[in-house]
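Okay, final.cif is below, mmCIF, C-alpha atoms and all ligand atoms:
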```cif
data_data
loop_
_atom_site.label_atom_id
_atom_site.label_comp_id
_atom_site.auth_asym_id
_atom_site.auth_seq_id
_atom_site.Cartn_x
_atom_site.Cartn_y
_atom_site.Cartn_z
CA ALA Q 281 -37.24 -7.49 41.94
CA GLY Q 282 -36.48 -5.50 38.76
CA THR Q 283 -35.23 -7.10 35.54
CA PRO Q 284 -33.30 -10.31 36.26
CA LYS Q 285 -29.57 -9.52 36.09
CA LYS Q 286 -28.31 -10.87 32.74
CA LYS Q 287 -26.29 -13.86 33.91
CA GLU Q 288 -22.62 -13.41 33.16
CA LEU Q 289 -21.61 -15.84 30.41
CA THR Q 290 -18.49 -17.90 31.06
CA LEU Q 291 -16.70 -20.65 29.22
CA ALA Q 292 -18.45 -23.11 31.58
CA ASN Q 293 -21.73 -22.35 29.78
CA PHE Q 294 -20.42 -24.03 26.62
CA ASP Q 295 -19.49 -27.48 25.36
CA ILE Q 296 -16.54 -26.90 23.00
CA GLY Q 297 -16.46 -28.80 19.68
CA LYS Q 298 -14.10 -28.99 16.70
CA PRO Q 299 -11.92 -26.06 15.66
CA LEU Q 300 -13.50 -24.09 12.78
CA GLY Q 301 -10.53 -21.94 11.90
CA LYS Q 302 -7.26 -20.49 13.08
CA GLY Q 303 -7.10 -16.70 13.12
CA LYS Q 304 -4.36 -14.13 13.70
CA PHE Q 305 -5.48 -13.30 17.24
CA GLY Q 306 -6.90 -16.68 18.20
CA ASN Q 307 -8.97 -19.63 17.07
CA VAL Q 308 -12.63 -20.29 16.42
CA TYR Q 309 -14.42 -23.38 17.77
CA LEU Q 310 -17.80 -24.94 17.20
CA ALA Q 311 -19.59 -24.72 20.55
CA ARG Q 312 -22.96 -25.44 22.13
CA GLU Q 313 -24.51 -23.40 24.92
CA LYS Q 314 -25.37 -26.02 27.56
CA THR Q 315 -28.84 -24.98 28.70
CA SER Q 316 -30.33 -23.85 25.37
CA LYS Q 317 -28.34 -26.38 23.27
CA PHE Q 318 -27.84 -23.44 20.86
CA ILE Q 319 -24.95 -24.00 18.43
CA VAL Q 320 -22.51 -21.10 17.99
CA ALA Q 321 -19.01 -20.34 16.76
CA LEU Q 322 -16.84 -19.32 19.70
CA LYS Q 323 -13.91 -17.08 18.78
CA VAL Q 324 -11.12 -16.99 21.37
CA LEU Q 325 -8.83 -13.92 21.32
CA PHE Q 326 -5.78 -13.66 23.58
CA LYS Q 327 -5.57 -10.33 25.40
CA SER Q 328 -1.76 -10.45 25.29
CA GLN Q 329 -1.75 -10.73 21.48
CA LEU Q 330 -4.36 -7.98 21.12
CA GLN Q 331 -2.21 -5.72 23.31
CA ASN Q 332 0.98 -6.57 21.39
CA SER Q 333 -0.77 -5.68 18.15
CA GLY Q 334 -2.43 -2.61 19.66
CA VAL Q 335 -5.88 -3.56 18.36
CA GLU Q 336 -7.88 -3.60 21.61
CA HIS Q 337 -9.55 -0.28 20.67
CA GLN Q 338 -10.39 -1.67 17.22
CA LEU Q 339 -12.01 -4.73 18.84
CA ARG Q 340 -13.91 -2.55 21.32
CA ARG Q 341 -15.24 -0.36 18.48
CA GLU Q 342 -16.13 -3.42 16.45
CA ILE Q 343 -18.03 -5.02 19.35
CA GLU Q 344 -19.89 -1.73 19.71
CA ILE Q 345 -20.78 -1.55 15.98
CA GLN Q 346 -21.56 -5.27 15.73
CA SER Q 347 -24.10 -5.09 18.54
CA HIS Q 348 -26.08 -2.62 16.35
CA LEU Q 349 -25.72 -4.56 13.08
CA GLN Q 350 -28.58 -7.06 12.83
CA HIS Q 351 -29.24 -8.29 9.30
CA GLU Q 352 -29.95 -11.76 7.90
CA ASN Q 353 -26.92 -11.52 5.59
CA ILE Q 354 -24.47 -10.33 8.24
CA LEU Q 355 -22.95 -12.88 10.63
CA ARG Q 356 -24.28 -12.11 14.10
CA MET Q 357 -22.21 -11.46 17.19
CA TYR Q 358 -24.64 -12.59 19.91
CA GLN Q 359 -22.51 -11.97 23.01
CA TRP Q 360 -18.99 -11.53 24.26
CA PHE Q 361 -17.29 -12.23 27.57
CA HIS Q 362 -13.76 -12.47 28.92
CA ASP Q 363 -11.59 -14.14 31.55
CA LYS Q 364 -8.13 -13.21 32.80
CA LYS Q 365 -6.27 -14.01 29.60
CA ARG Q 366 -8.86 -14.23 26.84
CA ILE Q 367 -11.78 -12.47 25.17
CA PHE Q 368 -14.56 -14.71 23.79
CA LEU Q 369 -16.84 -13.69 20.93
CA VAL Q 370 -20.08 -15.69 20.67
CA LEU Q 371 -20.68 -15.66 16.92
CA GLU Q 372 -23.35 -17.09 14.63
CA PHE Q 373 -22.36 -20.46 13.14
CA ALA Q 374 -22.75 -20.71 9.35
CA ALA Q 375 -23.14 -24.44 8.79
CA LYS Q 376 -22.28 -24.57 5.05
CA GLY Q 377 -18.95 -22.86 5.71
CA GLU Q 378 -16.66 -20.62 3.73
CA LEU Q 379 -17.74 -19.39 0.30
CA TYR Q 380 -14.21 -19.52 -1.16
CA LYS Q 381 -13.94 -23.24 -0.28
CA ILE Q 382 -17.29 -23.95 -1.95
CA LEU Q 383 -16.15 -21.91 -5.00
CA GLN Q 384 -12.88 -23.90 -5.19
CA ARG Q 385 -14.87 -27.14 -5.11
CA GLU Q 386 -17.56 -26.06 -7.60
CA LYS Q 387 -15.12 -24.11 -9.85
CA ARG Q 388 -17.92 -21.56 -10.53
CA PHE Q 389 -21.62 -21.02 -9.78
CA ASP Q 390 -24.61 -20.97 -12.11
CA GLU Q 391 -26.41 -17.67 -12.77
CA LYS Q 392 -29.20 -18.44 -10.28
CA THR Q 393 -26.79 -19.08 -7.38
CA THR Q 394 -24.60 -16.11 -8.28
CA ALA Q 395 -27.60 -13.78 -8.58
CA LYS Q 396 -28.85 -14.98 -5.17
CA TYR Q 397 -25.50 -14.27 -3.48
CA VAL Q 398 -25.05 -10.91 -5.27
CA TYR Q 399 -28.59 -9.88 -4.29
CA GLN Q 400 -28.03 -10.87 -0.64
CA LEU Q 401 -24.66 -9.12 -0.50
CA ALA Q 402 -26.13 -5.95 -2.05
CA ASN Q 403 -28.91 -6.14 0.55
CA ALA Q 404 -26.35 -6.43 3.38
CA LEU Q 405 -24.27 -3.56 1.94
CA LYS Q 406 -27.37 -1.35 1.62
CA TYR Q 407 -28.01 -2.00 5.34
CA CYS Q 408 -24.36 -1.37 6.35
CA HIS Q 409 -24.15 1.84 4.31
CA SER Q 410 -27.45 3.05 5.81
CA LYS Q 411 -25.62 2.81 9.15
CA LYS Q 412 -22.57 4.63 7.74
CA VAL Q 413 -20.55 1.42 8.03
CA ILE Q 414 -18.20 0.48 5.19
CA HIS Q 415 -16.89 -3.09 5.02
CA ARG Q 416 -13.88 -2.42 2.74
CA ASP Q 417 -12.88 -6.06 2.44
CA ILE Q 418 -15.60 -7.89 0.52
CA LYS Q 419 -14.09 -11.07 -0.97
CA PRO Q 420 -14.98 -14.79 -0.97
CA GLU Q 421 -12.67 -15.42 2.01
CA ASN Q 422 -14.86 -13.15 4.17
CA LEU Q 423 -18.18 -14.67 3.21
CA LEU Q 424 -19.90 -17.67 4.81
CA ILE Q 425 -22.95 -19.71 3.80
CA SER Q 426 -25.62 -20.68 6.34
CA LEU Q 427 -27.34 -24.04 6.74
CA ILE Q 428 -30.16 -22.91 4.43
CA GLY Q 429 -27.78 -21.46 1.82
CA ASP Q 430 -27.88 -17.77 2.72
CA LEU Q 431 -24.79 -15.60 2.34
CA LYS Q 432 -23.33 -14.00 5.48
CA ILE Q 433 -20.73 -11.22 5.53
CA ALA Q 434 -18.50 -12.80 8.16
CA ASP Q 435 -15.35 -10.89 8.81
CA PHE Q 436 -15.34 -7.39 10.17
CA VAL Q 437 -11.75 -6.98 11.30
CA GLN Q 438 -11.36 -4.47 8.42
CA LEU Q 439 -14.55 -2.73 9.49
CA SER Q 440 -14.09 0.98 9.99
CA SER Q 441 -16.50 3.80 10.61
CA PRO Q 442 -15.90 6.90 8.44
CA ALA Q 443 -14.26 8.75 11.35
CA VAL Q 444 -11.38 6.33 11.34
CA GLN Q 445 -10.73 5.51 7.76
CA TRP Q 446 -9.62 8.75 6.11
CA GLY Q 447 -6.22 8.93 7.84
CA GLN Q 448 -5.82 5.19 8.01
CA ARG Q 449 -3.35 3.92 5.39
CA THR Q 450 -4.74 0.69 4.03
CA THR Q 451 -2.06 -1.92 4.47
CA LEU Q 452 -2.21 -3.62 1.08
CA CYS Q 453 -1.82 -7.04 2.66
CA GLY Q 454 -3.44 -10.07 1.10
CA THR Q 455 -4.99 -10.11 -2.34
CA LEU Q 456 -5.24 -6.91 -4.37
CA ASP Q 457 -7.86 -8.47 -6.64
CA TYR Q 458 -10.73 -6.80 -4.83
CA LEU Q 459 -9.25 -3.34 -4.26
CA PRO Q 460 -10.99 -0.49 -6.17
CA PRO Q 461 -8.86 2.04 -8.12
CA GLU Q 462 -9.33 4.83 -5.54
CA MET Q 463 -7.88 2.66 -2.75
CA ILE Q 464 -4.92 1.64 -4.91
CA GLU Q 465 -4.33 5.29 -5.81
CA GLY Q 466 -4.59 6.01 -2.07
CA SER Q 467 -7.10 8.78 -2.72
CA PHE Q 468 -10.40 9.58 -1.00
CA HIS Q 469 -12.70 6.56 -0.77
CA ASP Q 470 -16.25 6.09 0.47
CA GLU Q 471 -18.85 3.33 0.71
CA ASN Q 472 -18.67 2.86 -3.06
CA VAL Q 473 -15.54 0.80 -2.52
CA ASP Q 474 -17.87 -2.03 -1.44
CA LEU Q 475 -19.81 -1.79 -4.71
CA TRP Q 476 -16.60 -2.21 -6.70
CA SER Q 477 -15.79 -5.35 -4.68
CA LEU Q 478 -19.34 -6.62 -5.30
CA GLY Q 479 -18.67 -6.35 -9.03
CA VAL Q 480 -15.38 -8.23 -8.69
CA LEU Q 481 -17.10 -10.90 -6.59
CA CYS Q 482 -19.95 -11.27 -9.11
CA TYR Q 483 -17.39 -11.84 -11.87
CA GLU Q 484 -15.41 -14.36 -9.78
CA LEU Q 485 -18.50 -16.39 -8.79
CA LEU Q 486 -19.62 -16.65 -12.43
CA VAL Q 487 -16.20 -17.14 -14.04
CA GLY Q 488 -14.27 -18.91 -11.25
CA ASN Q 489 -11.40 -16.43 -10.90
CA PRO Q 490 -11.23 -12.68 -10.19
CA PRO Q 491 -11.26 -10.38 -13.29
CA PHE Q 492 -7.90 -8.64 -12.77
CA GLU Q 493 -5.96 -11.67 -11.55
CA THR Q 494 -2.43 -11.65 -12.99
CA GLU Q 495 0.90 -13.08 -11.94
CA SER Q 496 2.24 -9.85 -10.45
CA ASN Q 497 0.87 -7.19 -8.12
CA SER Q 498 2.06 -4.34 -10.35
CA GLU Q 499 0.31 -5.89 -13.35
CA THR Q 500 -2.87 -6.32 -11.24
CA TYR Q 501 -2.58 -2.65 -10.13
CA ARG Q 502 -2.36 -1.53 -13.77
CA ARG Q 503 -5.34 -3.61 -14.87
CA ILE Q 504 -7.50 -2.36 -11.96
CA THR Q 505 -6.71 1.34 -12.43
CA ARG Q 506 -7.44 0.96 -16.16
CA VAL Q 507 -10.51 -1.22 -15.40
CA ASP Q 508 -9.01 -3.43 -18.08
CA ILE Q 509 -11.88 -5.91 -18.29
CA ARG Q 510 -14.11 -7.48 -20.94
CA TYR Q 511 -17.33 -7.55 -18.94
CA PRO Q 512 -20.60 -5.61 -18.61
CA SER Q 513 -19.07 -2.46 -17.13
CA TYR Q 514 -22.13 -1.39 -15.14
CA LEU Q 515 -20.70 -3.22 -12.10
CA LEU Q 516 -17.12 -1.94 -12.39
CA ARG Q 517 -16.74 1.81 -12.92
CA HIS Q 518 -13.59 3.78 -12.26
CA ASP Q 519 -15.60 6.78 -11.08
CA PRO Q 520 -17.10 5.82 -7.68
CA ARG Q 521 -20.05 8.12 -8.26
CA LYS Q 522 -21.00 6.25 -11.44
CA ARG Q 523 -21.17 2.84 -9.77
CA ILE Q 524 -24.40 0.94 -9.50
CA SER Q 525 -26.17 1.34 -6.13
CA PRO Q 526 -27.24 -1.58 -3.88
CA ASP Q 527 -30.89 -0.86 -4.77
CA ALA Q 528 -30.12 -0.88 -8.49
CA VAL Q 529 -28.36 -4.24 -8.05
CA MET Q 530 -31.35 -5.71 -6.23
CA THR Q 531 -33.76 -4.52 -8.93
CA HIS Q 532 -31.46 -5.21 -11.92
CA HIS Q 533 -33.15 -7.39 -14.58
CA TRP Q 534 -30.36 -10.03 -14.45
CA ILE Q 535 -30.63 -10.29 -10.66
CA VAL Q 536 -34.45 -10.27 -10.69
CA ALA Q 537 -34.53 -12.88 -13.48
CA ASN Q 538 -32.18 -15.18 -11.55
CA HIS Q 539 -32.92 -14.48 -7.88
CA THR Q 540 -36.04 -15.96 -6.36
CA PRO Q 541 -36.91 -13.90 -3.26
CA LYS Q 542 -37.76 -15.87 -0.13
CA ASP Q 543 -41.45 -16.81 -0.22
C1 LIG Q 601 -19.27 -11.11 13.31
O1 LIG Q 601 -18.07 -11.83 13.02
C2 LIG Q 601 -16.89 -11.37 13.56
C3 LIG Q 601 -16.80 -10.31 14.50
C4 LIG Q 601 -15.55 -9.94 15.02
C5 LIG Q 601 -14.43 -10.62 14.59
C6 LIG Q 601 -13.07 -10.30 15.12
O2 LIG Q 601 -12.25 -11.18 15.23
N1 LIG Q 601 -12.83 -8.98 15.39
C7 LIG Q 601 -11.63 -8.47 15.86
C8 LIG Q 601 -10.62 -9.28 16.43
C9 LIG Q 601 -9.44 -8.70 16.86
C10 LIG Q 601 -9.24 -7.32 16.74
C11 LIG Q 601 -10.23 -6.53 16.17
C12 LIG Q 601 -11.41 -7.10 15.72
C13 LIG Q 601 -14.50 -11.68 13.67
C14 LIG Q 601 -15.74 -12.04 13.16
N2 LIG Q 601 -15.87 -13.07 12.20
C15 LIG Q 601 -14.90 -14.03 11.96
O3 LIG Q 601 -13.91 -14.20 12.60
C16 LIG Q 601 -15.14 -14.93 10.77
C17 LIG Q 601 -16.12 -16.02 11.11
S1 LIG Q 601 -15.64 -16.94 12.50
C18 LIG Q 601 -17.15 -17.75 12.85
C19 LIG Q 601 -17.57 -18.84 11.92
C20 LIG Q 601 -18.91 -19.08 11.73
N3 LIG Q 601 -19.37 -20.05 10.94
C21 LIG Q 601 -18.48 -20.85 10.30
N4 LIG Q 601 -18.69 -21.92 9.46
C22 LIG Q 601 -17.48 -22.40 9.06
C23 LIG Q 601 -16.47 -21.66 9.64
C24 LIG Q 601 -17.10 -20.67 10.45
C25 LIG Q 601 -16.61 -19.63 11.27
#
```
Rewrite the coordinates I just gave you, this time as structure tokens.
Amino acid sequence: AGTPKKKELTLANFDIGKPLGKGKFGNVYLAREKTSKFIVALKVLFKSQLQNSGVEHQLRREIEIQSHLQHENILRMYQWFHDKKRIFLVLEFAAKGELYKILQREKRFDEKTTAKYVYQLANALKYCHSKKVIHRDIKPENLLISLIGDLKIADFVQLSSPAVQWGQRTTLCGTLDYLPPEMIEGSFHDENVDLWSLGVLCYELLVGNPPFETESNSETYRRITRVDIRYPSYLLRHDPRKRISPDAVMTHHWIVANHTPKD
């Protein structure tokens, strides 16, 4: 008899709900698995578009890495399946939605909320780095909040294992606000890039806008490379080796004073 063959998932296993977001390679829908009634986010990617953009290998590697990443502050990828034209990713649904939308609505967070998110993000980064995985794109747009208010690192399209990232030129698309000096200078960078972004995020959650935000990219470049900031500098250091570690964040007096660990 052996182990029952894992039944192949198909679209027919799901009731599809409202669209949650429109992505570059496809859209994300709220969905419910019919038998278990389990709510998920179903991401639909079109094979043709993946081929045109030459990212199938990146998706394959990401699916591989994601299946090993299991952490309460990292959005889960439960399953994936495909049909002739599309690839479906069965993702965890974060019911409170996107952090940047909440931040826009609230303007900024109090110290308790910020410390909780910074603690949880540091915890997730400690886990990723222990698996030699660097996120490289920590910013509010890539963070989601679960039903019970926990932070989830949600977007891994930038994810790269060390093997890949040295040669890879970072396309400076999107906001520069979160880029560390070493990535702007195009020099060697390691997992400490995520700790720089954590510092930028901590500032933005408390203040309401990122620390180096200016009207022009070149001006933002200059302010980042000079770490031109009036702000406790322990979170933002030019020298990657001098940056605070995830453990030090989690045990830092400000975080400890403001973050109440789960009972
Ligand atoms: C683990 O997560 C992911 C894993 C893989 C990919 C991906 O697309 N990889 C890729 C694609 C093509 C080429 C190479 C790689 C994306 C995500 N994550 C998201 O797309 C963001 C949350 S979508 C779900 C979700 C949940 N909960 C919500 N609540 C409100 C909105 C919402 C939205």
Return as JSON the box centre and box size in Å, one decimal, for an axis-aligned box around all listed atoms of ligand LIG 601 (chain Q) padded by 6 Å per side.
```
{"center_x": -14.3, "center_y": -14.5, "center_z": 13.0, "size_x": 22.1, "size_y": 27.9, "size_z": 19.8}
```
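Take the candidates Q:Tyr358, Q:Phe389, Q:Phe305, Q:Phe326 and check each one against Gly488 of chain Q using all atoms listed in the file; the shortest distance goes to Q:Phe389.
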Please write out the residues within 9 Å of ligand LIG 601 (chain Q) as a PyMOL selection string, counting all atoms listed in the file.
-> chain Q and resi 299-301+303-310+320-325+330+333-343+346+354-358+369-378+422-426+433-439
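Relative to atom CA of Pro520 of chain Q, atom CA of Leu349 of chain Q is found at 24.8 Å.
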Can you tell me, as an NGL selection string, what residues are no more than 12 Å from Glu288 of chain Q when counting all atoms listed in the file, ignoring any on the same chain fewer than 4 positions away?
-> :Q and (284 or 292-293 or 359-363)
Write out as a VMD selection string each polymer residue whose atoms come within 12 Å of Met530 of chain Q, counting all atoms listed in the file; drop sequence neighbours fewer than 5 positions from it.
-> chain Q and resid 395 to 406 524 to 525 535 to 541
May I ask for the distance between atom CA of Lys381 of chain Q and atom CA of Pro420 of chain Q, given in Å to one decimal place?
-> 8.5 Å
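For the set Q:Asn332, Q:Lys302, Q:Leu289, Q:Arg517, the residue with the smallest atom-to-atom gap to Thr315 of chain Q is Q:Leu289, counting all atoms listed in the file.
From atom CA of Pro491 of chain Q back to atom CA of Lys432 of chain Q, the distance works out to 22.6 Å.
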Using the atoms already present, construct N, CA and C atoms for segment 380-398 of chain Q and hand them back as a PDB file, keeping the file's coordinate frame.
```pdb
ATOM      1  N   TYR Q 380     -15.339 -19.281  -0.239  1.00  0.00           N
ATOM      2  CA  TYR Q 380     -14.210 -19.520  -1.160  1.00  0.00           C
ATOM      3  C   TYR Q 380     -13.909 -21.017  -1.283  1.00  0.00           C
ATOM      4  N   LYS Q 381     -14.185 -21.788  -0.182  1.00  0.00           N
ATOM      5  CA  LYS Q 381     -13.940 -23.240  -0.280  1.00  0.00           C
ATOM      6  C   LYS Q 381     -14.984 -23.886  -1.197  1.00  0.00           C
ATOM      7  N   ILE Q 382     -16.228 -23.402  -1.081  1.00  0.00           N
ATOM      8  CA  ILE Q 382     -17.290 -23.950  -1.950  1.00  0.00           C
ATOM      9  C   ILE Q 382     -16.963 -23.612  -3.407  1.00  0.00           C
ATOM     10  N   LEU Q 383     -16.491 -22.358  -3.639  1.00  0.00           N
ATOM     11  CA  LEU Q 383     -16.150 -21.910  -5.000  1.00  0.00           C
ATOM     12  C   LEU Q 383     -15.002 -22.742  -5.558  1.00  0.00           C
ATOM     13  N   GLN Q 384     -14.021 -23.059  -4.726  1.00  0.00           N
ATOM     14  CA  GLN Q 384     -12.880 -23.900  -5.190  1.00  0.00           C
ATOM     15  C   GLN Q 384     -13.413 -25.267  -5.619  1.00  0.00           C
ATOM     16  N   ARG Q 385     -14.345 -25.792  -4.842  1.00  0.00           N
ATOM     17  CA  ARG Q 385     -14.870 -27.140  -5.110  1.00  0.00           C
ATOM     18  C   ARG Q 385     -15.739 -27.138  -6.374  1.00  0.00           C
ATOM     19  N   GLU Q 386     -16.611 -26.101  -6.473  1.00  0.00           N
ATOM     20  CA  GLU Q 386     -17.560 -26.060  -7.600  1.00  0.00           C
ATOM     21  C   GLU Q 386     -16.960 -25.433  -8.845  1.00  0.00           C
ATOM     22  N   LYS Q 387     -15.764 -24.838  -8.741  1.00  0.00           N
ATOM     23  CA  LYS Q 387     -15.120 -24.110  -9.850  1.00  0.00           C
ATOM     24  C   LYS Q 387     -15.836 -22.781 -10.108  1.00  0.00           C
ATOM     25  N   ARG Q 388     -17.167 -22.819 -10.431  1.00  0.00           N
ATOM     26  CA  ARG Q 388     -17.920 -21.560 -10.530  1.00  0.00           C
ATOM     27  C   ARG Q 388     -19.387 -21.884 -10.294  1.00  0.00           C
ATOM     28  N   PHE Q 389     -20.202 -20.814 -10.096  1.00  0.00           N
ATOM     29  CA  PHE Q 389     -21.620 -21.020  -9.780  1.00  0.00           C
ATOM     30  C   PHE Q 389     -22.470 -20.727 -11.001  1.00  0.00           C
ATOM     31  N   ASP Q 390     -23.688 -21.304 -11.007  1.00  0.00           N
ATOM     32  CA  ASP Q 390     -24.610 -20.970 -12.110  1.00  0.00           C
ATOM     33  C   ASP Q 390     -25.210 -19.579 -11.851  1.00  0.00           C
ATOM     34  N   GLU Q 391     -25.914 -19.047 -12.858  1.00  0.00           N
ATOM     35  CA  GLU Q 391     -26.410 -17.670 -12.770  1.00  0.00           C
ATOM     36  C   GLU Q 391     -27.385 -17.508 -11.619  1.00  0.00           C
ATOM     37  N   LYS Q 392     -28.192 -18.528 -11.352  1.00  0.00           N
ATOM     38  CA  LYS Q 392     -29.200 -18.440 -10.280  1.00  0.00           C
ATOM     39  C   LYS Q 392     -28.505 -18.278  -8.918  1.00  0.00           C
ATOM     40  N   THR Q 393     -27.511 -19.119  -8.667  1.00  0.00           N
ATOM     41  CA  THR Q 393     -26.790 -19.080  -7.380  1.00  0.00           C
ATOM     42  C   THR Q 393     -26.044 -17.759  -7.235  1.00  0.00           C
ATOM     43  N   THR Q 394     -25.363 -17.361  -8.329  1.00  0.00           N
ATOM     44  CA  THR Q 394     -24.600 -16.110  -8.280  1.00  0.00           C
ATOM     45  C   THR Q 394     -25.522 -14.927  -8.013  1.00  0.00           C
ATOM     46  N   ALA Q 395     -26.659 -14.900  -8.740  1.00  0.00           N
ATOM     47  CA  ALA Q 395     -27.600 -13.780  -8.580  1.00  0.00           C
ATOM     48  C   ALA Q 395     -28.118 -13.738  -7.145  1.00  0.00           C
ATOM     49  N   LYS Q 396     -28.344 -14.930  -6.555  1.00  0.00           N
ATOM     50  CA  LYS Q 396     -28.850 -14.980  -5.170  1.00  0.00           C
ATOM     51  C   LYS Q 396     -27.825 -14.382  -4.225  1.00  0.00           C
ATOM     52  N   TYR Q 397     -26.541 -14.785  -4.375  1.00  0.00           N
ATOM     53  CA  TYR Q 397     -25.500 -14.270  -3.480  1.00  0.00           C
ATOM     54  C   TYR Q 397     -25.267 -12.774  -3.697  1.00  0.00           C
ATOM     55  N   VAL Q 398     -25.276 -12.328  -4.972  1.00  0.00           N
ATOM     56  CA  VAL Q 398     -25.050 -10.910  -5.270  1.00  0.00           C
ATOM     57  C   VAL Q 398     -26.200 -10.071  -4.704  1.00  0.00           C
TER      58      VAL Q 398
END
```
